[in-house]
>>> print(open('work-v9.pdb').read())   # PDB, C-alpha atoms
ATOM      1  CA  MET A   1      -7.221   0.748  16.276
ATOM      2  CA  THR A   2      -5.804  -2.631  15.369
ATOM      3  CA  SER A   3      -2.612  -2.943  13.333
ATOM      4  CA  SER A   4      -2.626  -4.599   9.903
ATOM      5  CA  LYS A   5      -0.771  -7.632  11.306
ATOM      6  CA  GLU A   6      -3.675  -8.312  13.658
ATOM      7  CA  VAL A   7      -6.349  -8.566  10.943
ATOM      8  CA  ARG A   8      -6.955 -12.259  11.337
ATOM      9  CA  GLU A   9     -10.726 -12.379  11.760
ATOM     10  CA  THR A  10     -13.099 -10.808   9.259
ATOM     11  CA  SER A  11     -16.795 -10.672   8.480
ATOM     12  CA  VAL A  12     -18.680 -10.500   5.202
ATOM     13  CA  ILE A  13     -22.242  -9.205   5.312
ATOM     14  CA  GLY A  14     -24.235 -10.310   2.282
ATOM     15  CA  ALA A  15     -24.099 -13.845   0.882
ATOM     16  CA  GLY A  16     -24.757 -13.071  -2.768
ATOM     17  CA  VAL A  17     -22.290 -13.533  -5.607
ATOM     18  CA  MET A  18     -19.801 -10.947  -4.345
ATOM     19  CA  GLY A  19     -20.176 -11.797  -0.675
ATOM     20  CA  THR A  20     -19.593 -15.463  -1.437
ATOM     21  CA  GLY A  21     -16.528 -14.520  -3.476
ATOM     22  CA  LEU A  22     -15.167 -12.413  -0.613
ATOM     23  CA  ALA A  23     -15.635 -15.257   1.852
ATOM     24  CA  ILE A  24     -13.703 -17.541  -0.523
ATOM     25  CA  THR A  25     -10.952 -14.901  -0.834
ATOM     26  CA  MET A  26     -10.538 -14.676   2.937
ATOM     27  CA  ALA A  27     -10.602 -18.443   3.389
ATOM     28  CA  LEU A  28      -8.041 -19.094   0.651
ATOM     29  CA  ASN A  29      -5.682 -16.653   2.370
ATOM     30  CA  GLY A  30      -6.015 -18.434   5.718
ATOM     31  CA  ILE A  31      -8.218 -15.754   7.255
ATOM     32  CA  ARG A  32     -11.168 -16.689   9.459
ATOM     33  CA  VAL A  33     -14.352 -15.178   8.014
ATOM     34  CA  PHE A  34     -17.887 -14.997   9.342
ATOM     35  CA  LEU A  35     -20.435 -14.978   6.515
ATOM     36  CA  ASN A  36     -23.761 -13.347   7.379
ATOM     37  CA  ASP A  37     -27.057 -12.755   5.596
ATOM     38  CA  LEU A  38     -30.734 -12.332   6.436
ATOM     39  CA  THR A  39     -32.009 -15.774   5.490
ATOM     40  CA  GLU A  40     -30.928 -19.376   5.943
ATOM     41  CA  ASP A  41     -31.630 -20.099   2.266
ATOM     42  CA  LEU A  42     -29.106 -17.485   1.088
ATOM     43  CA  LEU A  43     -26.495 -18.692   3.533
ATOM     44  CA  ASN A  44     -27.009 -22.331   2.622
ATOM     45  CA  ALA A  45     -26.773 -21.564  -1.098
ATOM     46  CA  SER A  46     -23.601 -19.536  -0.507
ATOM     47  CA  SER A  47     -22.060 -22.277   1.612
ATOM     48  CA  LYS A  48     -22.713 -24.811  -1.154
ATOM     49  CA  ARG A  49     -21.120 -22.544  -3.789
ATOM     50  CA  ILE A  50     -18.053 -22.198  -1.583
ATOM     51  CA  SER A  51     -17.880 -25.955  -1.050
ATOM     52  CA  ASP A  52     -18.268 -26.697  -4.765
ATOM     53  CA  LEU A  53     -15.591 -24.196  -5.780
ATOM     54  CA  LEU A  54     -13.092 -25.401  -3.202
ATOM     55  CA  ALA A  55     -13.686 -29.004  -4.245
ATOM     56  CA  ASP A  56     -12.994 -27.999  -7.842
ATOM     57  CA  LEU A  57      -9.786 -26.208  -6.827
ATOM     58  CA  GLU A  58      -8.666 -29.271  -4.900
ATOM     59  CA  GLY A  59      -9.426 -31.447  -7.910
ATOM     60  CA  ARG A  60      -7.265 -29.210 -10.073
ATOM     61  CA  GLY A  61      -4.427 -29.315  -7.565
ATOM     62  CA  THR A  62      -4.680 -25.593  -6.830
ATOM     63  CA  ILE A  63      -5.223 -26.206  -3.103
ATOM     64  CA  VAL A  64      -4.237 -29.179  -0.958
ATOM     65  CA  SER A  65      -7.370 -29.545   1.147
ATOM     66  CA  ALA A  66     -10.817 -28.082   0.405
ATOM     67  CA  SER A  67     -12.090 -28.995   3.867
ATOM     68  CA  ARG A  68      -9.187 -27.236   5.553
ATOM     69  CA  VAL A  69      -9.887 -24.035   3.627
ATOM     70  CA  GLN A  70     -13.640 -24.265   4.250
ATOM     71  CA  ASP A  71     -12.954 -24.528   7.983
ATOM     72  CA  ASN A  72     -12.012 -20.833   7.764
ATOM     73  CA  VAL A  73     -15.621 -19.963   6.829
ATOM     74  CA  VAL A  74     -18.193 -19.671   9.617
ATOM     75  CA  VAL A  75     -21.785 -19.256   8.432
ATOM     76  CA  GLU A  76     -23.634 -17.125  10.976
ATOM     77  CA  LYS A  77     -27.159 -15.719  10.634
ATOM     78  CA  ASP A  78     -26.992 -13.606  13.807
ATOM     79  CA  LEU A  79     -25.375 -10.270  12.907
ATOM     80  CA  LYS A  80     -23.966  -9.567  16.366
ATOM     81  CA  LYS A  81     -22.262 -12.962  16.570
ATOM     82  CA  ALA A  82     -20.960 -12.511  13.033
ATOM     83  CA  VAL A  83     -19.191  -9.203  13.711
ATOM     84  CA  GLU A  84     -18.513  -8.843  17.425
ATOM     85  CA  ASN A  85     -14.918 -10.122  17.281
ATOM     86  CA  SER A  86     -13.905  -9.154  13.746
ATOM     87  CA  ASP A  87     -11.034  -6.840  12.915
ATOM     88  CA  MET A  88     -12.419  -5.940   9.488
ATOM     89  CA  ILE A  89     -16.007  -6.138   8.211
ATOM     90  CA  PHE A  90     -16.919  -6.119   4.514
ATOM     91  CA  GLU A  91     -20.386  -4.989   3.459
ATOM     92  CA  ALA A  92     -21.574  -6.658   0.246
ATOM     93  CA  ILE A  93     -25.317  -5.997   0.203
ATOM     94  CA  THR A  94     -27.577  -4.327  -2.367
ATOM     95  CA  GLU A  95     -26.492  -1.043  -4.031
ATOM     96  CA  ASP A  96     -28.963   1.007  -2.020
ATOM     97  CA  PRO A  97     -27.522   3.875   0.059
ATOM     98  CA  SER A  98     -30.290   3.629   2.675
ATOM     99  CA  ALA A  99     -29.792  -0.102   3.142
ATOM    100  CA  LYS A 100     -26.048   0.369   3.481
ATOM    101  CA  ARG A 101     -26.479   3.183   6.022
ATOM    102  CA  ASP A 102     -28.858   1.035   8.066
ATOM    103  CA  LEU A 103     -26.311  -1.778   8.075
ATOM    104  CA  PHE A 104     -23.429   0.465   9.136
ATOM    105  CA  GLU A 105     -25.565   1.828  11.973
ATOM    106  CA  LYS A 106     -26.055  -1.761  13.162
ATOM    107  CA  LEU A 107     -22.337  -2.445  12.819
ATOM    108  CA  ALA A 108     -21.580   0.557  15.032
ATOM    109  CA  GLU A 109     -23.803  -0.988  17.699
ATOM    110  CA  ASN A 110     -22.596  -4.579  17.430
ATOM    111  CA  ALA A 111     -18.980  -4.526  16.242
ATOM    112  CA  ARG A 112     -15.828  -3.679  18.132
ATOM    113  CA  ASP A 113     -14.990   0.012  18.426
ATOM    114  CA  ASP A 114     -11.642  -0.550  16.704
ATOM    115  CA  SER A 115     -12.910  -2.579  13.739
ATOM    116  CA  VAL A 116     -12.712  -1.349  10.142
ATOM    117  CA  HIS A 117     -16.007  -1.156   8.229
ATOM    118  CA  ALA A 118     -15.559  -1.534   4.460
ATOM    119  CA  SER A 119     -18.240  -1.041   1.820
ATOM    120  CA  ASN A 120     -18.009  -2.944  -1.473
ATOM    121  CA  THR A 121     -20.091  -0.341  -3.297
ATOM    122  CA  SER A 122     -18.951   0.156  -6.875
ATOM    123  CA  VAL A 123     -20.617   3.501  -7.593
ATOM    124  CA  ILE A 124     -22.046   5.189  -4.453
ATOM    125  CA  LYS A 125     -19.930   7.895  -2.818
ATOM    126  CA  ILE A 126     -18.656   6.741   0.558
ATOM    127  CA  SER A 127     -19.540  10.123   2.056
ATOM    128  CA  GLU A 128     -23.185   9.533   1.095
ATOM    129  CA  ILE A 129     -23.132   6.311   3.081
ATOM    130  CA  ALA A 130     -21.112   7.547   6.059
ATOM    131  CA  ALA A 131     -22.577  11.033   6.568
ATOM    132  CA  GLY A 132     -24.013  11.450  10.049
ATOM    133  CA  LEU A 133     -23.022   7.976  11.259
ATOM    134  CA  LYS A 134     -21.092   7.802  14.513
ATOM    135  CA  SER A 135     -18.740   5.247  12.968
ATOM    136  CA  LYS A 136     -17.937   7.376   9.888
ATOM    137  CA  GLU A 137     -14.217   7.567  10.737
ATOM    138  CA  ARG A 138     -14.035   3.771  10.432
ATOM    139  CA  ILE A 139     -15.938   3.478   7.130
ATOM    140  CA  ILE A 140     -13.978   3.068   3.898
ATOM    141  CA  GLY A 141     -14.803   1.976   0.374
ATOM    142  CA  VAL A 142     -13.219  -1.298  -0.767
ATOM    143  CA  HIS A 143     -14.523  -2.189  -4.227
ATOM    144  CA  TRP A 144     -13.458  -5.702  -5.177
ATOM    145  CA  MET A 145     -13.549  -6.894  -8.766
ATOM    146  CA  ASN A 146     -15.504 -10.063  -9.554
ATOM    147  CA  PRO A 147     -14.531 -12.806  -8.866
ATOM    148  CA  PRO A 148     -12.471 -11.346  -6.016
ATOM    149  CA  TYR A 149     -10.449 -14.517  -5.409
ATOM    150  CA  VAL A 150      -9.128 -14.278  -9.011
ATOM    151  CA  ALA A 151      -9.219 -10.593 -10.046
ATOM    152  CA  PRO A 152      -6.006  -8.824  -8.942
ATOM    153  CA  LEU A 153      -7.373  -5.271  -8.581
ATOM    154  CA  VAL A 154      -9.128  -3.634  -5.630
ATOM    155  CA  GLU A 155     -10.330  -0.041  -5.563
ATOM    156  CA  MET A 156      -9.962   1.688  -2.185
ATOM    157  CA  THR A 157     -11.872   4.901  -1.406
ATOM    158  CA  PRO A 158     -11.713   6.815   1.872
ATOM    159  CA  SER A 159     -14.267   9.516   2.549
ATOM    160  CA  GLU A 160     -13.378  12.910   4.006
ATOM    161  CA  TRP A 161     -13.924  11.427   7.470
ATOM    162  CA  THR A 162     -12.068   8.135   7.127
ATOM    163  CA  GLY A 163      -9.207   7.934   9.621
ATOM    164  CA  LYS A 164      -5.667   7.812   8.252
ATOM    165  CA  GLU A 165      -4.963   4.681  10.267
ATOM    166  CA  VAL A 166      -8.016   2.999   8.743
ATOM    167  CA  VAL A 167      -6.633   3.767   5.275
ATOM    168  CA  GLU A 168      -3.210   2.369   6.208
ATOM    169  CA  ILE A 169      -4.624  -0.792   7.806
ATOM    170  CA  THR A 170      -6.925  -1.443   4.858
ATOM    171  CA  ARG A 171      -4.213  -0.924   2.237
ATOM    172  CA  ASN A 172      -1.761  -3.145   4.120
ATOM    173  CA  PHE A 173      -4.371  -5.869   4.493
ATOM    174  CA  LEU A 174      -5.318  -5.775   0.814
ATOM    175  CA  GLU A 175      -1.747  -5.623  -0.475
ATOM    176  CA  LYS A 176       0.166  -7.772   1.978
ATOM    177  CA  THR A 177      -2.371 -10.231   3.356
ATOM    178  CA  VAL A 178      -4.505 -10.959   0.297
ATOM    179  CA  GLY A 179      -2.002  -9.878  -2.365
ATOM    180  CA  LYS A 180      -4.074  -7.384  -4.345
ATOM    181  CA  LYS A 181      -3.062  -4.430  -6.491
ATOM    182  CA  VAL A 182      -4.697  -1.433  -4.819
ATOM    183  CA  VAL A 183      -5.695   1.780  -6.583
ATOM    184  CA  LEU A 184      -6.752   4.761  -4.495
ATOM    185  CA  SER A 185      -9.826   6.569  -5.801
ATOM    186  CA  PRO A 186     -11.142   9.944  -4.691
ATOM    187  CA  ASP A 187     -14.643   9.801  -3.221
ATOM    188  CA  ILE A 188     -16.357  10.498  -6.547
ATOM    189  CA  PRO A 189     -19.454   8.852  -8.064
ATOM    190  CA  GLY A 190     -18.491   5.617  -9.837
ATOM    191  CA  PHE A 191     -14.886   5.832  -8.569
ATOM    192  CA  ILE A 192     -12.336   4.830 -11.243
ATOM    193  CA  VAL A 193     -13.376   1.451 -12.592
ATOM    194  CA  ASN A 194     -17.023   2.181 -13.235
ATOM    195  CA  ARG A 195     -16.324   5.627 -14.671
ATOM    196  CA  PHE A 196     -14.260   3.844 -17.326
ATOM    197  CA  HIS A 197     -16.846   1.096 -17.675
ATOM    198  CA  ALA A 198     -19.699   3.566 -18.135
ATOM    199  CA  ALA A 199     -17.803   5.635 -20.711
ATOM    200  CA  VAL A 200     -16.654   2.649 -22.781
ATOM    201  CA  THR A 201     -20.018   0.868 -22.691
ATOM    202  CA  SER A 202     -21.870   4.061 -23.575
ATOM    203  CA  GLU A 203     -19.625   4.706 -26.583
ATOM    204  CA  ALA A 204     -19.933   1.074 -27.680
ATOM    205  CA  ILE A 205     -23.726   1.392 -27.685
ATOM    206  CA  ARG A 206     -23.514   4.666 -29.626
ATOM    207  CA  LEU A 207     -21.403   2.930 -32.278
ATOM    208  CA  ILE A 208     -24.024   0.204 -32.632
ATOM    209  CA  ASP A 209     -26.607   2.949 -33.166
ATOM    210  CA  GLU A 210     -24.366   4.308 -35.932
ATOM    211  CA  GLY A 211     -24.247   0.978 -37.726
ATOM    212  CA  VAL A 212     -21.324  -0.949 -36.238
ATOM    213  CA  SER A 213     -22.054  -4.593 -35.456
ATOM    214  CA  ILE A 214     -21.948  -5.884 -31.895
ATOM    215  CA  GLU A 215     -19.270  -8.398 -32.883
ATOM    216  CA  ASP A 216     -17.064  -5.727 -34.468
ATOM    217  CA  VAL A 217     -17.306  -3.494 -31.408
ATOM    218  CA  ASP A 218     -16.053  -6.328 -29.212
ATOM    219  CA  SER A 219     -13.396  -7.315 -31.765
ATOM    220  CA  VAL A 220     -11.855  -3.826 -31.588
ATOM    221  CA  TRP A 221     -11.251  -4.404 -27.884
ATOM    222  CA  LYS A 222     -10.265  -8.076 -28.099
ATOM    223  CA  TYR A 223      -7.745  -7.586 -30.897
ATOM    224  CA  HIS A 224      -6.486  -4.025 -30.412
ATOM    225  CA  LEU A 225      -7.535  -1.660 -27.634
ATOM    226  CA  GLY A 226      -7.716  -4.387 -25.009
ATOM    227  CA  ILE A 227      -4.157  -5.403 -25.839
ATOM    228  CA  LEU A 228      -2.756  -1.863 -25.781
ATOM    229  CA  TYR A 229      -4.618  -0.744 -22.676
ATOM    230  CA  GLY A 230      -3.814  -4.019 -20.944
ATOM    231  CA  LEU A 231      -0.108  -3.551 -21.579
ATOM    232  CA  PHE A 232       0.280   0.189 -21.162
ATOM    233  CA  GLY A 233      -2.935   1.759 -19.806
ATOM    234  CA  PRO A 234      -4.743   4.589 -21.629
ATOM    235  CA  LEU A 235      -2.372   7.370 -20.558
ATOM    236  CA  LYS A 236       0.924   5.672 -21.373
ATOM    237  CA  ASN A 237      -0.666   4.569 -24.643
ATOM    238  CA  ALA A 238      -1.500   8.233 -25.350
ATOM    239  CA  ASP A 239       2.168   9.029 -24.720
ATOM    240  CA  TYR A 240       3.095   6.597 -27.488
ATOM    241  CA  ILE A 241       0.523   8.097 -29.855
ATOM    242  CA  GLY A 242       1.592  11.637 -28.975
ATOM    243  CA  LEU A 243      -0.391  14.071 -26.828
ATOM    244  CA  ASP A 244      -0.561  16.565 -29.692
ATOM    245  CA  THR A 245      -2.057  13.941 -32.001
ATOM    246  CA  THR A 246      -4.450  12.822 -29.281
ATOM    247  CA  TYR A 247      -5.524  16.439 -28.728
ATOM    248  CA  LEU A 248      -6.128  17.134 -32.416
ATOM    249  CA  ALA A 249      -8.086  13.899 -32.861
ATOM    250  CA  GLY A 250     -10.242  14.730 -29.850
ATOM    251  CA  MET A 251     -10.949  18.242 -31.126
ATOM    252  CA  TYR A 252     -11.933  16.949 -34.557
ATOM    253  CA  LEU A 253     -14.321  14.385 -33.082
ATOM    254  CA  THR A 254     -15.801  16.991 -30.740
ATOM    255  CA  GLN A 255     -16.552  19.279 -33.696
ATOM    256  CA  ARG A 256     -18.021  16.548 -35.872
ATOM    257  CA  LEU A 257     -20.004  14.685 -33.219
ATOM    258  CA  GLY A 258     -21.237  17.722 -31.321
ATOM    259  CA  ARG A 259     -20.213  16.364 -27.916
ATOM    260  CA  GLU A 260     -17.017  16.440 -25.919
ATOM    261  CA  MET A 261     -14.562  13.784 -27.107
ATOM    262  CA  GLY A 262     -11.292  15.435 -26.157
ATOM    263  CA  TYR A 263     -11.232  16.687 -22.569
ATOM    264  CA  VAL A 264      -8.192  18.945 -22.151
ATOM    265  CA  PRO A 265      -7.811  20.670 -18.766
ATOM    266  CA  ASP A 266      -5.374  23.558 -18.264
ATOM    267  CA  TRP A 267      -2.584  21.324 -16.923
ATOM    268  CA  LEU A 268      -2.726  19.149 -20.032
ATOM    269  CA  SER A 269      -2.751  22.181 -22.341
ATOM    270  CA  LYS A 270       0.398  23.392 -20.595
ATOM    271  CA  LYS A 271       2.082  20.051 -21.182
ATOM    272  CA  ILE A 272       1.316  20.227 -24.887
ATOM    273  CA  GLY A 273       2.420  23.868 -25.018
ATOM    274  CA  ASN A 274       5.689  22.941 -23.304
ATOM    275  CA  ASN A 275       6.362  20.256 -25.949
ATOM    276  CA  GLU A 276       5.765  17.470 -23.435
ATOM    277  CA  LEU A 277       4.138  15.304 -26.088
ATOM    278  CA  GLY A 278       4.952  11.824 -24.858
ATOM    279  CA  VAL A 279       7.520   9.269 -25.953
ATOM    280  CA  LYS A 280       8.729  11.271 -28.952
ATOM    281  CA  THR A 281       9.836  14.138 -26.674
ATOM    282  CA  GLN A 282      10.698  11.819 -23.753
ATOM    283  CA  ARG A 283       8.146  13.477 -21.486
ATOM    284  CA  GLY A 284       4.331  13.432 -21.485
ATOM    285  CA  PHE A 285       2.073  11.915 -18.866
ATOM    286  CA  TYR A 286       5.227  10.029 -17.860
ATOM    287  CA  ASP A 287       8.881  11.096 -17.739
ATOM    288  CA  TYR A 288      11.026   8.697 -19.799
ATOM    289  CA  GLY A 289      14.351  10.141 -18.690
ATOM    290  CA  ASN A 290      17.226   9.667 -21.106
ATOM    291  CA  GLU A 291      15.765   6.653 -22.873
ATOM    292  CA  THR A 292      15.554   7.342 -26.605
ATOM    293  CA  PRO A 293      12.221   7.303 -28.471
ATOM    294  CA  SER A 294      13.498   4.556 -30.779
ATOM    295  CA  SER A 295      14.327   2.348 -27.790
ATOM    296  CA  LEU A 296      10.930   2.990 -26.220
ATOM    297  CA  TYR A 297       9.061   2.207 -29.430
ATOM    298  CA  ALA A 298      11.099  -0.991 -29.840
ATOM    299  CA  LYS A 299      10.104  -2.072 -26.323
ATOM    300  CA  ARG A 300       6.469  -1.372 -27.174
ATOM    301  CA  VAL A 301       6.621  -3.578 -30.256
ATOM    302  CA  GLN A 302       8.312  -6.345 -28.282
ATOM    303  CA  ALA A 303       5.693  -6.186 -25.521
ATOM    304  CA  ILE A 304       2.865  -6.479 -28.072
ATOM    305  CA  ARG A 305       4.576  -9.420 -29.788
ATOM    306  CA  GLU A 306       5.044 -11.218 -26.475
ATOM    307  CA  GLU A 307       1.409 -10.641 -25.540
ATOM    308  CA  LEU A 308       0.193 -12.012 -28.876
ATOM    309  CA  ARG A 309       2.521 -14.994 -28.517
ATOM    310  CA  CYS A 310       1.117 -15.772 -25.068
ATOM    311  CA  ARG A 311      -2.422 -15.579 -26.396
ATOM    312  CA  GLN A 312      -1.542 -17.907 -29.228
ATOM    313  CA  ASP A 313       0.087 -20.395 -26.857
ATOM    314  CA  GLN A 314      -3.074 -20.470 -24.711
ATOM    315  CA  LYS A 315      -5.311 -21.508 -27.624
TER     316      LYS A 315
END
>>> encode(input="work-v9.pdb", output="structure tokens")
Amino acid sequence: MTSSKEVRETSVIGAGVMGTGLAITMALNGIRVFLNDLTEDLLNASSKRISDLLADLEGRGTIVSASRVQDNVVVEKDLKKAVENSDMIFEAITEDPSAKRDLFEKLAENARDDSVHASNTSVIKISEIAAGLKSKERIIGVHWMNPPYVAPLVEMTPSEWTGKEVVEITRNFLEKTVGKKVVLSPDIPGFIVNRFHAAVTSEAIRLIDEGVSIEDVDSVWKYHLGILYGLFGPLKNADYIGLDTTYLAGMYLTQRLGREMGYVPDWLSKKIGNNELGVKTQRGFYDYGNETPSSLYAKRVQAIREELRCRQDQK
């Protein structure tokens, strides 16, 4: 298996919105990328989108030479030619498990035996794709956010068969070569990002059904929850609220709404029972050491003020 330092040639299979974005990401980071799809029309359209974006970036002074970056992209309709020399191959085709399995079977036949095969699926379990394939040890989930050349986060998901070296190579490539923040998800349906997305969107739609306006739903996130979760994340934010308060609020909503709104597993119940309630007791989801609650709350206020100031300056 290749080392992370040797990942210099990649392939992207699928020239849609995400595949085009991945090709741009590779090219901007100086990585040679072969872009493949089934039809000339898709490849030509993708190539034009890449050219237009790079020209815009050059015009803004973000890159020095659009043509130099585009030289890193090789448009190739023949699958074998597109993958035969690549260290890492990214699948970005339709969200259909059968189609993805068929593609990975072809990759096993045409790609190098030591190449990494990464699926950009955002919801399908990697084990459902890899099961029974002879290349299953080399298959890993790499869910990029859109647009991948801008969004800092990537979700990485190994299956039960994914080799440890494949995980290490993929993480190193994502973190060190393309500079992404990597989160490691278990091989569960929807992974992390889309589990959150599904829950939030579902609740937003329920609130509209209960009489809240579409604009007000979005305003709650733009002017409050989006700020807090962006700065602290949902769990650290719960630490600031207090895990006991969060628990009681969840239980009340569960009783009144008739559906679970306060999931409390045994380990979380033990935390609450042990007075690990968050910032006010200096231990909750996180351990705050010897830092006093007043100091922590002051830092929270300062962080919110700075965020609001930045938003104001950008208007």
>>> residues_around(input="work-v9.pdb", residues="Ala99 in chain A", least_positions_apart="6", cutoff="10 Å", atoms="all atoms listed in the file", output="mmCIF file with C-alpha atoms, in the coordinates of the input")
data_model
loop_
_atom_site.group_PDB
_atom_site.id
_atom_site.type_symbol
_atom_site.label_atom_id
_atom_site.label_comp_id
_atom_site.auth_asym_id
_atom_site.auth_seq_id
_atom_site.Cartn_x
_atom_site.Cartn_y
_atom_site.Cartn_z
ATOM 1 C CA ILE A 93 -25.317 -5.997 0.203
ATOM 2 C CA GLU A 105 -25.565 1.828 11.973
ATOM 3 C CA ILE A 129 -23.132 6.311 3.081
#
>>> resolve_selection(input="work-v9.pdb", expression="the PyMOL selection byres ((chain A and resi 267-274) around 8)", output="ChimeraX atom specification")
/A:243-244,264-266,275-277,284
>>> resolve_selection(input="work-v9.pdb", expression="the PyMOL selection byres ((chain A and resi 285) around 7)", output="JSON list (two decimals) with C-alpha atoms, in the coordinates of the input")
[["chain", "number", "residue", "atom", "x", "y", "z"],
["A", 235, "LEU", "CA", -2.37, 7.37, -20.56],
["A", 236, "LYS", "CA", 0.92, 5.67, -21.37],
["A", 239, "ASP", "CA", 2.17, 9.03, -24.72],
["A", 278, "GLY", "CA", 4.95, 11.82, -24.86],
["A", 283, "ARG", "CA", 8.15, 13.48, -21.49],
["A", 284, "GLY", "CA", 4.33, 13.43, -21.48],
["A", 286, "TYR", "CA", 5.23, 10.03, -17.86],
["A", 287, "ASP", "CA", 8.88, 11.10, -17.74]]
>>> resolve_selection(input="work-v9.pdb", expression="the PyMOL selection byres ((chain A and resi 167) around 12)", output="PyMOL selection string")
chain A and resi 1-4+116-118+137-142+156-166+168-174+182+184-185
>>> write_last_selection(input="work-v9.pdb", atoms="C-alpha atoms", output="mmCIF file, in the coordinates of the input")
data_model
loop_
_atom_site.group_PDB
_atom_site.id
_atom_site.type_symbol
_atom_site.label_atom_id
_atom_site.label_comp_id
_atom_site.auth_asym_id
_atom_site.auth_seq_id
_atom_site.Cartn_x
_atom_site.Cartn_y
_atom_site.Cartn_z
ATOM 1 C CA MET A 1 -7.221 0.748 16.276
ATOM 2 C CA THR A 2 -5.804 -2.631 15.369
ATOM 3 C CA SER A 3 -2.612 -2.943 13.333
ATOM 4 C CA SER A 4 -2.626 -4.599 9.903
ATOM 5 C CA VAL A 116 -12.712 -1.349 10.142
ATOM 6 C CA HIS A 117 -16.007 -1.156 8.229
ATOM 7 C CA ALA A 118 -15.559 -1.534 4.460
ATOM 8 C CA GLU A 137 -14.217 7.567 10.737
ATOM 9 C CA ARG A 138 -14.035 3.771 10.432
ATOM 10 C CA ILE A 139 -15.938 3.478 7.130
ATOM 11 C CA ILE A 140 -13.978 3.068 3.898
ATOM 12 C CA GLY A 141 -14.803 1.976 0.374
ATOM 13 C CA VAL A 142 -13.219 -1.298 -0.767
ATOM 14 C CA MET A 156 -9.962 1.688 -2.185
ATOM 15 C CA THR A 157 -11.872 4.901 -1.406
ATOM 16 C CA PRO A 158 -11.713 6.815 1.872
ATOM 17 C CA SER A 159 -14.267 9.516 2.549
ATOM 18 C CA GLU A 160 -13.378 12.910 4.006
ATOM 19 C CA TRP A 161 -13.924 11.427 7.470
ATOM 20 C CA THR A 162 -12.068 8.135 7.127
ATOM 21 C CA GLY A 163 -9.207 7.934 9.621
ATOM 22 C CA LYS A 164 -5.667 7.812 8.252
ATOM 23 C CA GLU A 165 -4.963 4.681 10.267
ATOM 24 C CA VAL A 166 -8.016 2.999 8.743
ATOM 25 C CA GLU A 168 -3.210 2.369 6.208
ATOM 26 C CA ILE A 169 -4.624 -0.792 7.806
ATOM 27 C CA THR A 170 -6.925 -1.443 4.858
ATOM 28 C CA ARG A 171 -4.213 -0.924 2.237
ATOM 29 C CA ASN A 172 -1.761 -3.145 4.120
ATOM 30 C CA PHE A 173 -4.371 -5.869 4.493
ATOM 31 C CA LEU A 174 -5.318 -5.775 0.814
ATOM 32 C CA VAL A 182 -4.697 -1.433 -4.819
ATOM 33 C CA LEU A 184 -6.752 4.761 -4.495
ATOM 34 C CA SER A 185 -9.826 6.569 -5.801
#
>>> residues_around(input="work-v9.pdb", residues="Ala204 in chain A", least_positions_apart="2", cutoff="12 Å", atoms="only C-alpha atoms", output="PyMOL selection string")
chain A and resi 197-202+206-221
>>> residues_around(input="work-v9.pdb", residues="Ser122 in chain A", least_positions_apart="6", cutoff="12 Å", atoms="only C-alpha atoms", output="PyMOL selection string")
chain A and resi 18+91-97+141-146+154-157+185+187-195+197-198
>>> residues_around(input="work-v9.pdb", residues="Arg305 in chain A", least_positions_apart="6", cutoff="12 Å", atoms="all atoms listed in the file", output="list in words")
Ile227, Leu228, Leu231, Ala298, Lys299, Arg311 and Gln312 of chain A
>>> closest_residue(input="work-v9.pdb", among="A:Ser295, A:Thr245, A:Ser98, A:Ser86", to="Glu6 in chain A", atoms="only C-alpha atoms")
A:Ser86
>>> atom_distance(input="work-v9.pdb", atom1="CA of Lys180 in chain A", atom2="CA of Ile24 in chain A")
14.5 Å
>>> atom_distance(input="work-v9.pdb", atom1="CA of Ala108 in chain A", atom2="CA of Thr10 in chain A")
15.3 Å
>>> residues_around(input="work-v9.pdb", residues="range 44-46 of chain A", least_positions_apart="5", cutoff="9 Å", atoms="only C-alpha atoms", output="ChimeraX atom specification")
/A:15-17,19-20,35,39,51,75
